[in-house]
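Remarks on the structure that follows.
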Amino acid sequence: MTRGFLQPGDLHDFVRAELGADQRLAALDRLSGGSKKGVYRLTFDDAMTAILYVWAAGENYWPPSSTVPGDPFIDASGAELFATNHAALSAVGVRTPQLFMLDRDGRYLDADLALVEDVGALRLEALLERDAVAATAPLSALGDALRRMHTSTGPHYGKLALIAAGEAPQDRRAEDIVVDRALRHLDAAAARDARLADAHDRIGAHVRDLAAVVMPRATYGLVHGELGPDHVLVTPAGEPVVIDFEGLTYFDVEWDHAWLMMRFGDAYPTLRPIDLGADRLELYRYAQVLSLIEGPLRIADTDFPDRGWMLSLAEWNIGKALAAL
């Protein structure tokens, strides 16, 4: 598809209505890294800045895929999820960018919009690479925030809005959904890679063996879904600010920690995690390996601009999936 991104002139009515007739947009920069929504930095003639999130078809690179019934991690994008989850994180004391305005009615563009605070461009990922000592305080504060999330519990898993409406899935164990996800990811990835096709049955058996020892559970915490150091900004004052939280859901906290262990590596212990179920964590870690094969291979078939990076990510995880056998 031909993608057309925002130009300064597209925001004339938006700026005038939301920020006043005296405010002038001096620069509009589309920030890299987003694959489901557009992220733009707005710079005004008085040097004030803000971030604009844009949920539009042309900003979403992900092609459709088969889904598992009851999967709380699908369709994790959109202004409604952003607003609901922003409020939930704020309620448990997790720092997020301040929300200035939300437009879900297409008043300015054929897209949903959210205007939020610009907390700066420094990602925790970059700080960890540059100065591990300077990253210690933000890491510790992030660990505090995660414990508040993971100890904010409920009796059902699912997206927050669905739980509030009484529409969250009730009839399946969380780990069964993870197993079904993993096996679907395996099927799709094996269709694209001969090594996975050859090992398909052994990988599937390994997933089922991991699941067989997981004991039932009926209490769930707030999880981000894919929280890595690239989804945490650090303010000039050293505050960690969580972003990209549309996938926030009630689920097993081991899902978050499987991701955190992978993405934070040697820095993970600084987060001081809560007690976890070892068997559940091992299942979820392997399921995420399969997800990080299928997803990158799928998006690499599109016009995503960093196709090579996605293929490298898939290759890395193919090695991990096979090594576990």
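By convention here, the chains of the structure tokens are called A, B, ... in the order presented, each chain's residues are numbered starting at 1, and ligands are numbered starting at 1 in the order presented.
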* Enumerate as a ChimeraX atom specification all residues of segment 94-195 of chain A assigned to helix (DSSP H, G or I) by DSSP on the backbone, naming them with the chain letters and numbers the document uses. => /A:124-130,136-150,160-164,174-190,194-195
Put those residues in a file: C-alpha atoms, as a tab-separated table (two decimals), in the first residue's frame.
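Output contents, as saved in part.tsv:
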chain	number	residue	atom	x	y	z
A	124	LEU	CA	15.96	3.56	29.14
A	125	GLU	CA	17.44	1.21	26.55
A	126	ALA	CA	19.88	3.90	25.38
A	127	LEU	CA	20.72	4.91	28.95
A	128	LEU	CA	21.54	1.31	29.87
A	129	GLU	CA	23.90	1.06	26.91
A	130	ARG	CA	25.53	4.42	27.61
A	136	THR	CA	20.28	2.26	38.27
A	137	ALA	CA	17.88	4.79	39.80
A	138	PRO	CA	15.37	4.72	36.91
A	139	LEU	CA	15.55	0.91	36.91
A	140	SER	CA	14.83	0.78	40.63
A	141	ALA	CA	11.90	3.19	40.25
A	142	LEU	CA	10.58	1.12	37.34
A	143	GLY	CA	10.76	-1.97	39.55
A	144	ASP	CA	8.64	-0.16	42.15
A	145	ALA	CA	6.08	0.69	39.47
A	146	LEU	CA	6.01	-2.89	38.22
A	147	ARG	CA	5.39	-4.25	41.69
A	148	ARG	CA	2.43	-1.88	42.03
A	149	MET	CA	1.08	-3.16	38.72
A	150	HIS	CA	1.69	-6.83	39.41
A	160	LEU	CA	-9.69	-3.88	31.31
A	161	ALA	CA	-12.68	-2.57	29.36
A	162	LEU	CA	-13.98	-6.11	28.78
A	163	ILE	CA	-13.65	-6.98	32.46
A	164	ALA	CA	-15.53	-3.81	33.41
A	174	ALA	CA	-4.65	-18.46	31.01
A	175	GLU	CA	-1.89	-20.94	30.29
A	176	ASP	CA	-4.14	-22.80	27.82
A	177	ILE	CA	-4.49	-19.61	25.80
A	178	VAL	CA	-0.71	-19.22	25.81
A	179	VAL	CA	-0.28	-22.79	24.57
A	180	ASP	CA	-2.79	-22.26	21.75
A	181	ARG	CA	-1.04	-19.01	20.80
A	182	ALA	CA	2.33	-20.74	20.75
A	183	LEU	CA	1.11	-23.58	18.57
A	184	ARG	CA	-0.51	-21.18	16.09
A	185	HIS	CA	2.68	-19.16	15.95
A	186	LEU	CA	4.58	-22.38	15.34
A	187	ASP	CA	2.28	-23.39	12.47
A	188	ALA	CA	2.58	-20.00	10.80
A	189	ALA	CA	6.35	-19.77	11.24
A	190	ALA	CA	6.92	-23.35	10.04
A	194	ALA	CA	12.13	-25.15	6.61
A	195	ARG	CA	14.03	-25.64	9.87
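Proximity to Asp252 of chain A at 9 Å, evaluated using only C-alpha atoms and with sequence-adjacent residues fewer than 5 positions away removed, yields His150, Tyr157, Ala174, Glu175, Arg217, Thr219, Tyr220, Gly221, Leu222, Val223 and Arg280 of chain A.
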Residue subset to file, keeping N, CA and C atoms, as a JSON list (two decimals), in the first residue's frame:
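Here's the written file selection_29.json:
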[["chain", "number", "residue", "atom", "x", "y", "z"],
["A", 150, "HIS", "N", 1.83, -5.37, 39.31],
["A", 150, "HIS", "CA", 1.69, -6.83, 39.41],
["A", 150, "HIS", "C", 1.00, -7.28, 40.70],
["A", 157, "TYR", "N", -8.82, -12.68, 33.88],
["A", 157, "TYR", "CA", -7.86, -12.10, 32.95],
["A", 157, "TYR", "C", -8.62, -11.47, 31.79],
["A", 174, "ALA", "N", -5.53, -19.38, 31.73],
["A", 174, "ALA", "CA", -4.65, -18.46, 31.01],
["A", 174, "ALA", "C", -3.55, -19.21, 30.28],
["A", 175, "GLU", "N", -2.98, -20.22, 30.92],
["A", 175, "GLU", "CA", -1.89, -20.94, 30.29],
["A", 175, "GLU", "C", -2.34, -21.72, 29.05],
["A", 217, "ARG", "N", -4.28, -21.43, 38.39],
["A", 217, "ARG", "CA", -4.25, -20.19, 39.15],
["A", 217, "ARG", "C", -5.49, -19.38, 38.80],
["A", 219, "THR", "N", -5.85, -15.83, 40.04],
["A", 219, "THR", "CA", -5.63, -14.43, 40.38],
["A", 219, "THR", "C", -4.64, -13.85, 39.38],
["A", 220, "TYR", "N", -4.95, -12.65, 38.90],
["A", 220, "TYR", "CA", -4.18, -12.06, 37.81],
["A", 220, "TYR", "C", -3.80, -10.63, 38.15],
["A", 221, "GLY", "N", -2.63, -10.20, 37.66],
["A", 221, "GLY", "CA", -2.16, -8.85, 37.89],
["A", 221, "GLY", "C", -2.19, -8.02, 36.62],
["A", 222, "LEU", "N", -1.96, -6.73, 36.77],
["A", 222, "LEU", "CA", -1.87, -5.85, 35.61],
["A", 222, "LEU", "C", -0.53, -6.06, 34.92],
["A", 223, "VAL", "N", -0.57, -6.41, 33.65],
["A", 223, "VAL", "CA", 0.67, -6.61, 32.90],
["A", 223, "VAL", "C", 0.68, -5.70, 31.67],
["A", 280, "ARG", "N", 5.38, -21.85, 35.17],
["A", 280, "ARG", "CA", 4.59, -20.95, 34.31],
["A", 280, "ARG", "C", 5.53, -20.00, 33.56]]
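One distance worth recording is that between atom CA of Gly295 of chain A and atom CA of Glu80 of chain A, which is 23.8 Å.
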* Structure fact -> Separating atom CA of Pro72 of chain A from atom CA of Lys36 of chain A, to the nearest tenth of an Å, is a gap of 16.8 Å
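Remark: for Gly204 of chain A, the closest of the candidate residues A:Ala168, A:Ala278, A:Ala324, A:Met262 is A:Ala324 (distances computed over only C-alpha atoms).
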* Which distance in Å separates atom CA of Leu6 of chain A and atom CA of Asp110 of chain A, to one decimal? -> 11.2 Å
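Considering only C-alpha atoms, the residue among A:Gly265, A:Gly154, A:Gly277, A:Pro236 positioned nearest to Met215 of chain A is A:Gly277.
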* To do: For segment 114-121 of chain A, work out the shell of residues within 8 Å, counting only C-alpha atoms and skipping chain neighbours fewer than 5 positions away, then give it as a count of residues only.
  => 20
* To do: Could you give me, as JSON, numbers by chain, the residues within 10 Å of Ala321 of chain A, counting only C-alpha atoms and dropping anything in the same chain fewer than 5 positions from it?
  => {"A": [196, 199, 203, 206, 286, 287, 288, 289, 290, 293, 315, 316]}
* How would you write, as a PyMOL selection string, the set of residues in segment 4-213 of chain A that DSSP gives as strand (DSSP E or B)? -> chain A and resi 25-30+38-44+49-55+99-103+112-117+123+153-154+158-159
Written file, previous selection with C-alpha atoms, as a PDB file, in the first residue's frame:
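Saved result, out.pdb, follows:
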ATOM      1  CA  LEU A  25       3.364  24.682  14.481  1.00  0.00           C
ATOM      2  CA  ALA A  26       7.041  25.160  13.636  1.00  0.00           C
ATOM      3  CA  ALA A  27       8.010  21.527  12.977  1.00  0.00           C
ATOM      4  CA  LEU A  28       6.427  18.098  12.697  1.00  0.00           C
ATOM      5  CA  ASP A  29       8.701  15.067  13.039  1.00  0.00           C
ATOM      6  CA  ARG A  30       7.535  11.477  12.645  1.00  0.00           C
ATOM      7  CA  GLY A  38       2.144   6.935  14.151  1.00  0.00           C
ATOM      8  CA  VAL A  39       4.126   8.916  16.715  1.00  0.00           C
ATOM      9  CA  TYR A  40       4.877  12.562  15.911  1.00  0.00           C
ATOM     10  CA  ARG A  41       6.721  15.271  17.818  1.00  0.00           C
ATOM     11  CA  LEU A  42       5.066  18.661  17.448  1.00  0.00           C
ATOM     12  CA  THR A  43       7.319  21.678  17.963  1.00  0.00           C
ATOM     13  CA  PHE A  44       5.675  25.081  18.222  1.00  0.00           C
ATOM     14  CA  THR A  49       6.712  20.470  22.266  1.00  0.00           C
ATOM     15  CA  ALA A  50       4.144  17.684  22.525  1.00  0.00           C
ATOM     16  CA  ILE A  51       3.686  14.168  21.176  1.00  0.00           C
ATOM     17  CA  LEU A  52       0.805  13.222  18.905  1.00  0.00           C
ATOM     18  CA  TYR A  53      -0.300   9.598  18.598  1.00  0.00           C
ATOM     19  CA  VAL A  54      -2.180   8.753  15.402  1.00  0.00           C
ATOM     20  CA  TRP A  55      -4.136   5.527  14.982  1.00  0.00           C
ATOM     21  CA  LEU A  99      -2.766  13.048  28.439  1.00  0.00           C
ATOM     22  CA  PHE A 100      -3.801  16.480  27.113  1.00  0.00           C
ATOM     23  CA  MET A 101      -6.583  15.557  24.691  1.00  0.00           C
ATOM     24  CA  LEU A 102      -8.171  12.575  22.949  1.00  0.00           C
ATOM     25  CA  ASP A 103     -10.148  12.573  19.710  1.00  0.00           C
ATOM     26  CA  ASP A 112      -8.012   8.622  16.279  1.00  0.00           C
ATOM     27  CA  LEU A 113      -5.670  11.068  17.988  1.00  0.00           C
ATOM     28  CA  ALA A 114      -4.100  11.570  21.396  1.00  0.00           C
ATOM     29  CA  LEU A 115      -1.983  14.569  22.337  1.00  0.00           C
ATOM     30  CA  VAL A 116       0.360  13.820  25.231  1.00  0.00           C
ATOM     31  CA  GLU A 117       3.236  15.282  27.168  1.00  0.00           C
ATOM     32  CA  ARG A 123      14.912   5.760  26.243  1.00  0.00           C
ATOM     33  CA  THR A 153      -4.927  -8.121  41.141  1.00  0.00           C
ATOM     34  CA  GLY A 154      -8.280  -9.357  39.979  1.00  0.00           C
ATOM     35  CA  GLY A 158      -8.571  -9.911  29.939  1.00  0.00           C
ATOM     36  CA  LYS A 159      -8.593  -6.358  28.678  1.00  0.00           C
TER      37      LYS A 159
END
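If you measure from each of A:Phe251, A:Arg263, A:His86, A:Arg307 to Pro169 of chain A using only C-alpha atoms, the closest one turns out to be A:Phe251.
Of the residues under consideration (A:Ile274, A:Ala314, A:Leu248, A:Leu11), A:Leu248 shows the shortest atom-to-atom contact distance to Thr84 of chain A when counting only C-alpha atoms.
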